[in-house]
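Okay, structure first, notes after.
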Number of protein chains: 2
Amino acid sequence: MRIAQVHPQQTRVGWIGLGVMGRSMAAHLQQAGYALTLFTRTKAKAQDLLDAGAAWADTPASVAERSDVVFSIVGFPSDVRQVILGADGALSRLREGGVLVDMTTSEPELAKEIYEKASQRGVHSVDAPVSGGDVGARNAALSIMIGGDAEVVQALNPLWDAMGKTIVHQGPAGAGQHTKMVNQTLIATGIIGVCEALLYAHKAGLDIQAVLKSVSGGAAGSWSLTNYGPRIVANDLQPGFYVEHFLKDMRIALQEAARMKLALPGLGLAQQLYTAMEAQGDGRLGIQGLQVVLAKLSGVDWSSRE
Amino acid sequence: MRIAQVHPQQTRVGWIGLGVMGRSMAAHLQQAGYALTLFTRTKAKAQDLLDAGAAWADTPASVAERSDVVFSIVGFPSDVRQVILGADGALSRLREGGVLVDMTTSEPELAKEIYEKASQRGVHSVDAPVSGGDVGARNAALSIMIGGDAEVVQALNPLWDAMGKTIVHQGPAGAGQHTKMVNQTLIATGIIGVCEALLYAHKAGLDIQAVLKSVSGGAAGSWSLTNYGPRIVANDLQPGFYVEHFLKDMRIALQEAARMKLALPGLGLAQQLYTAMEAQGDGRLGIQGLQVVLAKLSGVDWSSRE
């Protein structure tokens with residue numbers, strides 16, 4: 001199971017999943033000179049990359065058949081299971097010594113299962129979820145959190161470097177996903193504070209712009225406050241990051257926490273509040289839309305406030 | 001009630017309260033050339049400033065008698081009430097046209113009450129709580145959140161500038177305190193996320209330093225994570241910022257929120273968890289010590305983990 005350093009002239013790259021994130025990420029690899037073979041549910045989303053020379057394949061298995069390294073970034077763990085372990089999944093046709101790289105935010109236990117099943121077929125597997133959103137993907141500035149065998153992770157360095165800025169090997173299979181859960185726990189709990197703080201400021205009759213000036217630069221400061229705060233104030237609830245995907249992440253984190261016998265009351269609260277948001281029909285808004293739910297709790301119509 | 005711009009040669013400054021914050025802040029005014037008259041509960045804490053030329057007074061009233069502008073920064077709202085409105089309080093002896101500046105984190109309603117009672121005596125009053133901690137106080141880098149009349153706030157500009165970096169007039173009396181409550185709501189809720197995230201990382205067997213490298217720079221990043229994270233990892237639970245003072249702040253914020261008929265579930269959770277921390281005898285630790293409480297919830301002895 002030795003693995004050679006990847007190289008644009010020698011390494012055939014497969015890519016499964018061309019959502020907002022995947023499209024930008026695959027484009028960076030194409031621009032770096034890698035020959036791409038693509039599969040995604042909606043072929044139209046592949047058109048730009050196909051026009052620029054990528055090949056199309058009708059199934060994940062066909063992608064794998066023509067690739068040395070196969071990336072996947074899809075929606076839910078069930079999708080990951082299908083595109084990698086399913087009957088037409090990538091693992092079924094990847095050559096011995098090939099590498100599976102799942103960049104979906106998914107279950108650590110599934111990452112370990114894929115690693116085990118890949119190993120049995122002489123195939124490498126790493127889990128490599130990312131943080132940084134659509135902007136980070138576009139600017140190749142993602143944080144990539146990687147779990148898997150060190151030599152495999154290192155061999156893929158040119159690929160990581162083409163997509164991300166903060167590349168950290170976190171440990172064995174599943175460690176990338178676990179690290180992403182740490183990331184999401186921070187975001188989930190922190191954003192409750194952002195929403196409650198802005199709601200308090202509004203009810204207290206403060207000028208929210210002036211408040212943001214006072215509180216953003218110090219001990220109360222955060223990426224969420226700086227980036228979501230102004231959007232919330234402007235009633236801009238468009239995704240960025242979909243509530244329904246965030247709920248998936250929180251479900252995974254809480255499920256893993258339960259498995260480890262760990263109580264996380266802050267994350268639990270976030271998951272409950274976002275569940276309410278989805279129940280109210282807002283699962284396709286951005287996660288900053290939690291503001292509306294919290295406001296409504298106290299009878300405040302956030303979007304129509306003066 | 002017109003007010004002249006303050007000036008080191010003309011403005012006599014009184015200072016009540018020389019805790020960790022007050023000492024550094026008063027020293028900056030002294031270095032800027034203002035003549036100081038001091039009162040604090042423990043006279044020994046005034047020695048450095050007295051050695052450098054400040055005068056001592058035996059009561060807040062005596063401070064006020066010899067001052068044009070009287071600052072207070074004490075512990076609890078009850079202390080504020082005593083040193084300003086009490087029988088020997090500063091308001092009883094401050095000259096007409098003088099200014100009271102309470103920089104304690106205290107109740108917005110009390111700030112309004114002081115403003116009203118001061119007005120009745122021809123005295124100005126502003127509330128000006130700060131954020132930035134002992135380091136911010138030492139480096140004159142505080143965020144100062146100010147409530148009161150605009151002309152008074154402006155007249156004090158040279159004094160604000162000597163102590164802080166982010167100086168924002170937030171609105172009428174009480175608005176400074178309300179803004180500080182926004183600040184504390186952000187910190188309280190955010191720190192739950194920091195503690196839970198680190199606990200998850202530990203239980204999942206991750207290398208926490210590597211995790212911090214992946215998550216600190218992106219959407220999960222915050223001042224709390226960057227500053228408290230490493231202390232928590234190193235078991236450094238020393239204050240910084242005392243839990244018992246933080247509990248006071250959360251009590252005020254929740255009390256004001258209840259008055260405004262506002263539900264803040266995240267802040268409520270933080271207050272409950274910190275109440276548990278104080279109940280366990282840890283009210284004099286720093287607020288990052290919440291980690292120990294959350295770990296103990298799930299049977300993890302944080303300080304003795306390997």
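Note on naming: chains are A, B, ... as they come in the structure tokens, residues start from 1 per chain, ligands start from 1 in the order shown.
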
Requested in this report: Please determine the contact residues of chain A with respect to chain B at a cut-off of 8 Å, counting only C-alpha atoms, and supply them as a PyMOL selection string.
Outcome: chain A and resi 131-132+143-145+166-171+175+178-179+182-194+196-198+200-201+203-204+206-207+210-211+213-215+218-224+257+260-264+266-267+269+294+297-298

**Report entry** Residues of region 83-281 of chain A in alpha helix (DSSP H), written as a count of residues only
**Finding:** 112

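Our summary of the geometry notes that CA of Gln255 (chain A) is positioned 12.9 Å from CA of Gln177 (chain A).
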
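CA of Leu36 (chain B) sits 6.5 Å away from CA of Arg12 (chain B).
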
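Atom pair CA of Ala150 (chain B) / CA of Ser125 (chain B) has a distance of 11.1 Å (rounded to one decimal).
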
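Residues lying within 9 Å of His28 (chain A), counting only C-alpha atoms and ignoring same-chain neighbours fewer than 5 positions away, are Arg23, Gly33, Ala137, Arg138, Ala140, Ala162 and Met163 of chain A.
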
Could you write out the selected residues, including all heavy atoms, as a compact mmCIF listing (two decimals), in the first residue's frame?
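Result written to out07.txt:
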```txt
# COMPACT_ATOMS: atom_id res chain seq x y z
N ARG A 23 -17.87 22.72 -6.51
CA ARG A 23 -17.56 23.33 -7.81
C ARG A 23 -16.28 24.16 -7.76
O ARG A 23 -15.42 24.04 -8.60
CB ARG A 23 -18.74 24.19 -8.26
CG ARG A 23 -19.39 23.62 -9.50
CD ARG A 23 -20.53 24.48 -9.96
NE ARG A 23 -21.56 24.62 -8.92
CZ ARG A 23 -22.64 25.39 -9.07
NH1 ARG A 23 -22.82 26.07 -10.18
NH2 ARG A 23 -23.55 25.45 -8.11
N GLY A 33 -3.89 21.92 -13.04
CA GLY A 33 -3.39 21.05 -14.10
C GLY A 33 -3.79 19.59 -14.01
O GLY A 33 -3.34 18.77 -14.80
N ALA A 137 -13.93 28.49 -0.21
CA ALA A 137 -13.76 27.55 -1.33
C ALA A 137 -13.31 28.30 -2.58
O ALA A 137 -12.40 27.87 -3.29
CB ALA A 137 -15.06 26.81 -1.59
N ARG A 138 -13.95 29.43 -2.83
CA ARG A 138 -13.61 30.23 -4.02
C ARG A 138 -12.18 30.73 -3.99
O ARG A 138 -11.48 30.75 -4.99
CB ARG A 138 -14.57 31.42 -4.14
CG ARG A 138 -15.42 31.38 -5.35
CD ARG A 138 -16.35 32.56 -5.61
NE ARG A 138 -16.60 33.49 -4.56
CZ ARG A 138 -17.68 33.47 -3.77
NH1 ARG A 138 -18.60 32.54 -3.90
NH2 ARG A 138 -17.84 34.40 -2.84
N ALA A 140 -9.66 29.43 -2.35
CA ALA A 140 -8.70 28.39 -1.96
C ALA A 140 -8.12 28.69 -0.59
O ALA A 140 -6.93 28.53 -0.34
CB ALA A 140 -7.60 28.27 -3.01
N ALA A 162 -3.84 23.20 -3.18
CA ALA A 162 -4.59 23.87 -4.25
C ALA A 162 -5.97 24.34 -3.78
O ALA A 162 -6.58 25.21 -4.38
CB ALA A 162 -4.75 22.92 -5.44
N MET A 163 -6.44 23.77 -2.66
CA MET A 163 -7.80 24.09 -2.22
C MET A 163 -7.87 24.86 -0.91
O MET A 163 -8.87 25.53 -0.63
CB MET A 163 -8.60 22.79 -2.05
CG MET A 163 -8.81 22.04 -3.36
SD MET A 163 -9.88 20.58 -3.15
CE MET A 163 -8.76 19.45 -2.31
```

Report task. Might you pull out every residue within 12 Å of Ala87 (chain A), with only C-alpha atoms counted and same-chain residues fewer than 6 positions away left off, and present them as number ranges by chain? Result -> A: 59-62, 81, 93

Report summary line: Restricting to only C-alpha atoms, whichever of B:Glu96, B:Asp68, B:Asp127, B:Glu244 is closest to Ala35 (chain B) is B:Asp68

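Within the 12 Å cut-off around Lys117 (chain B), using only C-alpha atoms and omitting residues fewer than 2 positions from it on the same chain, the listed residues are Arg81, Ile84, Leu85, Gly86, Ala90, Leu91, Ser92, Leu100, Leu110, Ala111, Lys112, Glu113, Ile114, Tyr115, Ser119, Gln120, Arg121, Gly122, Val123, His124, Ser125 and Ala173 of chain B.
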
Okay, now the selection with N, CA, C and O atoms, as a PDB file, in the first residue's frame?
```
ATOM      1  N   ARG B  81     -24.522  52.026  44.584  1.00  0.00           N
ATOM      2  CA  ARG B  81     -25.555  52.783  45.281  1.00  0.00           C
ATOM      3  C   ARG B  81     -24.969  53.467  46.514  1.00  0.00           C
ATOM      4  O   ARG B  81     -25.215  54.653  46.771  1.00  0.00           O
ATOM      5  N   ILE B  84     -22.257  56.331  45.649  1.00  0.00           N
ATOM      6  CA  ILE B  84     -22.783  57.511  44.954  1.00  0.00           C
ATOM      7  C   ILE B  84     -23.996  58.097  45.671  1.00  0.00           C
ATOM      8  O   ILE B  84     -24.040  59.291  45.945  1.00  0.00           O
ATOM      9  N   LEU B  85     -24.975  57.237  45.996  1.00  0.00           N
ATOM     10  CA  LEU B  85     -26.235  57.759  46.541  1.00  0.00           C
ATOM     11  C   LEU B  85     -26.319  57.682  48.066  1.00  0.00           C
ATOM     12  O   LEU B  85     -27.250  58.235  48.666  1.00  0.00           O
ATOM     13  N   GLY B  86     -25.385  56.982  48.710  1.00  0.00           N
ATOM     14  CA  GLY B  86     -25.442  56.782  50.160  1.00  0.00           C
ATOM     15  C   GLY B  86     -25.239  58.093  50.932  1.00  0.00           C
ATOM     16  O   GLY B  86     -24.952  59.148  50.357  1.00  0.00           O
ATOM     17  N   ALA B  90     -20.889  60.176  46.954  1.00  0.00           N
ATOM     18  CA  ALA B  90     -20.302  61.287  46.197  1.00  0.00           C
ATOM     19  C   ALA B  90     -21.332  62.357  45.841  1.00  0.00           C
ATOM     20  O   ALA B  90     -21.035  63.554  45.874  1.00  0.00           O
ATOM     21  N   LEU B  91     -22.555  61.949  45.522  1.00  0.00           N
ATOM     22  CA  LEU B  91     -23.540  62.943  45.079  1.00  0.00           C
ATOM     23  C   LEU B  91     -23.858  63.977  46.168  1.00  0.00           C
ATOM     24  O   LEU B  91     -24.131  65.139  45.863  1.00  0.00           O
ATOM     25  N   SER B  92     -23.755  63.533  47.413  1.00  0.00           N
ATOM     26  CA  SER B  92     -24.137  64.433  48.520  1.00  0.00           C
ATOM     27  C   SER B  92     -23.267  65.682  48.583  1.00  0.00           C
ATOM     28  O   SER B  92     -23.669  66.701  49.130  1.00  0.00           O
ATOM     29  N   LEU B 100     -20.561  62.937  37.690  1.00  0.00           N
ATOM     30  CA  LEU B 100     -20.371  61.576  38.203  1.00  0.00           C
ATOM     31  C   LEU B 100     -20.191  60.626  37.020  1.00  0.00           C
ATOM     32  O   LEU B 100     -20.975  60.679  36.070  1.00  0.00           O
ATOM     33  N   LEU B 110     -30.313  51.476  37.634  1.00  0.00           N
ATOM     34  CA  LEU B 110     -29.617  52.253  38.662  1.00  0.00           C
ATOM     35  C   LEU B 110     -28.915  53.451  38.024  1.00  0.00           C
ATOM     36  O   LEU B 110     -28.900  54.558  38.583  1.00  0.00           O
ATOM     37  N   ALA B 111     -28.350  53.237  36.838  1.00  0.00           N
ATOM     38  CA  ALA B 111     -27.705  54.354  36.130  1.00  0.00           C
ATOM     39  C   ALA B 111     -28.712  55.465  35.855  1.00  0.00           C
ATOM     40  O   ALA B 111     -28.406  56.654  36.001  1.00  0.00           O
ATOM     41  N   LYS B 112     -29.933  55.060  35.471  1.00  0.00           N
ATOM     42  CA  LYS B 112     -30.972  56.075  35.216  1.00  0.00           C
ATOM     43  C   LYS B 112     -31.366  56.782  36.512  1.00  0.00           C
ATOM     44  O   LYS B 112     -31.577  57.993  36.528  1.00  0.00           O
ATOM     45  N   GLU B 113     -31.472  56.009  37.592  1.00  0.00           N
ATOM     46  CA  GLU B 113     -31.833  56.595  38.891  1.00  0.00           C
ATOM     47  C   GLU B 113     -30.774  57.615  39.342  1.00  0.00           C
ATOM     48  O   GLU B 113     -31.108  58.711  39.806  1.00  0.00           O
ATOM     49  N   ILE B 114     -29.511  57.255  39.179  1.00  0.00           N
ATOM     50  CA  ILE B 114     -28.429  58.181  39.553  1.00  0.00           C
ATOM     51  C   ILE B 114     -28.504  59.441  38.694  1.00  0.00           C
ATOM     52  O   ILE B 114     -28.380  60.559  39.187  1.00  0.00           O
ATOM     53  N   TYR B 115     -28.742  59.241  37.403  1.00  0.00           N
ATOM     54  CA  TYR B 115     -28.856  60.375  36.482  1.00  0.00           C
ATOM     55  C   TYR B 115     -29.967  61.322  36.943  1.00  0.00           C
ATOM     56  O   TYR B 115     -29.792  62.545  36.984  1.00  0.00           O
ATOM     57  N   SER B 119     -29.401  65.045  38.381  1.00  0.00           N
ATOM     58  CA  SER B 119     -30.026  66.177  37.681  1.00  0.00           C
ATOM     59  C   SER B 119     -30.750  67.097  38.656  1.00  0.00           C
ATOM     60  O   SER B 119     -30.669  68.321  38.549  1.00  0.00           O
ATOM     61  N   GLN B 120     -31.456  66.470  39.612  1.00  0.00           N
ATOM     62  CA  GLN B 120     -32.197  67.263  40.601  1.00  0.00           C
ATOM     63  C   GLN B 120     -31.285  68.162  41.421  1.00  0.00           C
ATOM     64  O   GLN B 120     -31.722  69.162  41.986  1.00  0.00           O
ATOM     65  N   ARG B 121     -30.007  67.810  41.494  1.00  0.00           N
ATOM     66  CA  ARG B 121     -29.050  68.623  42.257  1.00  0.00           C
ATOM     67  C   ARG B 121     -28.147  69.440  41.335  1.00  0.00           C
ATOM     68  O   ARG B 121     -27.130  69.968  41.773  1.00  0.00           O
ATOM     69  N   GLY B 122     -28.461  69.467  40.051  1.00  0.00           N
ATOM     70  CA  GLY B 122     -27.641  70.224  39.116  1.00  0.00           C
ATOM     71  C   GLY B 122     -26.310  69.560  38.802  1.00  0.00           C
ATOM     72  O   GLY B 122     -25.347  70.201  38.393  1.00  0.00           O
ATOM     73  N   VAL B 123     -26.255  68.244  38.996  1.00  0.00           N
ATOM     74  CA  VAL B 123     -25.023  67.479  38.749  1.00  0.00           C
ATOM     75  C   VAL B 123     -25.233  66.601  37.518  1.00  0.00           C
ATOM     76  O   VAL B 123     -26.331  66.100  37.282  1.00  0.00           O
ATOM     77  N   HIS B 124     -24.176  66.434  36.710  1.00  0.00           N
ATOM     78  CA  HIS B 124     -24.224  65.559  35.542  1.00  0.00           C
ATOM     79  C   HIS B 124     -23.884  64.131  35.948  1.00  0.00           C
ATOM     80  O   HIS B 124     -23.145  63.908  36.906  1.00  0.00           O
ATOM     81  N   SER B 125     -24.385  63.168  35.167  1.00  0.00           N
ATOM     82  CA  SER B 125     -24.038  61.776  35.443  1.00  0.00           C
ATOM     83  C   SER B 125     -23.955  61.002  34.143  1.00  0.00           C
ATOM     84  O   SER B 125     -24.819  61.142  33.266  1.00  0.00           O
ATOM     85  N   ALA B 173     -28.706  58.047  29.525  1.00  0.00           N
ATOM     86  CA  ALA B 173     -28.344  57.352  30.763  1.00  0.00           C
ATOM     87  C   ALA B 173     -28.837  55.910  30.741  1.00  0.00           C
ATOM     88  O   ALA B 173     -29.985  55.644  30.396  1.00  0.00           O
TER      89      ALA B 173
END
```

Requested in this report: Run DSSP on the backbone and give me the residues of region 70-137 of chain A it puts in strand (DSSP E), as a PyMOL selection string.
Outcome: chain A and resi 70-72+99-102+124-127+130-131

Can I get the selection written as a short mmCIF file (atom, residue, chain, number, x, y, z; two decimals), in the first residue's frame, with all heavy atoms?
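Output file out.cif follows:
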```cif
data_model
loop_
_atom_site.label_atom_id
_atom_site.label_comp_id
_atom_site.auth_asym_id
_atom_site.auth_seq_id
_atom_site.Cartn_x
_atom_site.Cartn_y
_atom_site.Cartn_z
N VAL A 70 -10.00 9.89 -5.68
CA VAL A 70 -11.40 10.26 -5.88
C VAL A 70 -11.89 11.10 -4.70
O VAL A 70 -11.92 10.63 -3.56
CB VAL A 70 -12.31 9.03 -6.02
CG1 VAL A 70 -13.78 9.46 -6.16
CG2 VAL A 70 -11.87 8.18 -7.20
N PHE A 71 -12.26 12.34 -4.99
CA PHE A 71 -12.84 13.22 -3.98
C PHE A 71 -14.36 13.13 -4.00
O PHE A 71 -14.95 13.00 -5.07
CB PHE A 71 -12.46 14.68 -4.27
CG PHE A 71 -11.01 14.98 -4.04
CD1 PHE A 71 -10.08 14.80 -5.06
CD2 PHE A 71 -10.58 15.45 -2.81
CE1 PHE A 71 -8.74 15.07 -4.85
CE2 PHE A 71 -9.24 15.73 -2.59
CZ PHE A 71 -8.32 15.54 -3.61
N SER A 72 -14.96 13.22 -2.83
CA SER A 72 -16.41 13.36 -2.76
C SER A 72 -16.76 14.47 -1.78
O SER A 72 -16.13 14.63 -0.73
CB SER A 72 -17.07 12.04 -2.31
OG SER A 72 -16.46 11.57 -1.12
N VAL A 99 -6.87 6.32 -3.82
CA VAL A 99 -7.23 7.02 -2.59
C VAL A 99 -8.64 7.59 -2.68
O VAL A 99 -8.98 8.27 -3.66
CB VAL A 99 -6.26 8.20 -2.30
CG1 VAL A 99 -6.53 8.76 -0.90
CG2 VAL A 99 -4.81 7.77 -2.43
N LEU A 100 -9.44 7.33 -1.65
CA LEU A 100 -10.74 7.98 -1.49
C LEU A 100 -10.58 9.15 -0.52
O LEU A 100 -10.00 8.99 0.55
CB LEU A 100 -11.76 7.00 -0.89
CG LEU A 100 -12.16 5.80 -1.74
CD1 LEU A 100 -12.93 4.80 -0.87
CD2 LEU A 100 -13.01 6.27 -2.92
N VAL A 101 -11.09 10.31 -0.92
CA VAL A 101 -11.03 11.48 -0.03
C VAL A 101 -12.45 12.03 0.12
O VAL A 101 -12.97 12.70 -0.78
CB VAL A 101 -10.13 12.59 -0.62
CG1 VAL A 101 -10.06 13.77 0.36
CG2 VAL A 101 -8.74 12.06 -0.95
N ASP A 102 -13.08 11.76 1.27
CA ASP A 102 -14.42 12.33 1.46
C ASP A 102 -14.32 13.64 2.21
O ASP A 102 -13.85 13.70 3.34
CB ASP A 102 -15.32 11.36 2.22
CG ASP A 102 -16.73 11.92 2.34
OD1 ASP A 102 -17.18 12.56 1.37
OD2 ASP A 102 -17.35 11.75 3.41
N HIS A 124 -6.69 3.28 -0.15
CA HIS A 124 -6.52 4.24 0.95
C HIS A 124 -7.78 5.08 1.11
O HIS A 124 -8.50 5.31 0.15
CB HIS A 124 -5.35 5.19 0.65
CG HIS A 124 -4.07 4.47 0.37
ND1 HIS A 124 -3.33 3.84 1.34
CD2 HIS A 124 -3.40 4.29 -0.80
CE1 HIS A 124 -2.25 3.31 0.79
NE2 HIS A 124 -2.27 3.56 -0.51
N SER A 125 -7.98 5.60 2.32
CA SER A 125 -9.12 6.49 2.54
C SER A 125 -8.76 7.55 3.58
O SER A 125 -8.16 7.24 4.60
CB SER A 125 -10.33 5.69 3.02
OG SER A 125 -11.37 6.56 3.44
N VAL A 126 -9.11 8.77 3.28
CA VAL A 126 -8.97 9.84 4.28
C VAL A 126 -10.27 10.63 4.34
O VAL A 126 -10.99 10.76 3.35
CB VAL A 126 -7.78 10.80 3.99
CG1 VAL A 126 -6.47 10.03 3.94
CG2 VAL A 126 -7.98 11.56 2.71
N ASP A 127 -10.59 11.12 5.54
CA ASP A 127 -11.72 12.04 5.70
C ASP A 127 -11.15 13.44 5.83
O ASP A 127 -10.18 13.65 6.55
CB ASP A 127 -12.61 11.67 6.88
CG ASP A 127 -11.86 11.41 8.18
OD1 ASP A 127 -11.02 10.47 8.21
OD2 ASP A 127 -12.09 12.15 9.17
N VAL A 130 -14.14 20.37 5.51
CA VAL A 130 -13.56 21.71 5.40
C VAL A 130 -14.39 22.74 6.14
O VAL A 130 -15.57 22.54 6.42
CB VAL A 130 -13.44 22.15 3.92
CG1 VAL A 130 -12.58 21.16 3.15
CG2 VAL A 130 -14.82 22.29 3.27
N SER A 131 -13.76 23.84 6.44
CA SER A 131 -14.46 25.00 6.98
C SER A 131 -14.01 26.23 6.20
O SER A 131 -12.88 26.27 5.72
CB SER A 131 -14.13 25.15 8.47
OG SER A 131 -14.56 26.40 8.96
#
```
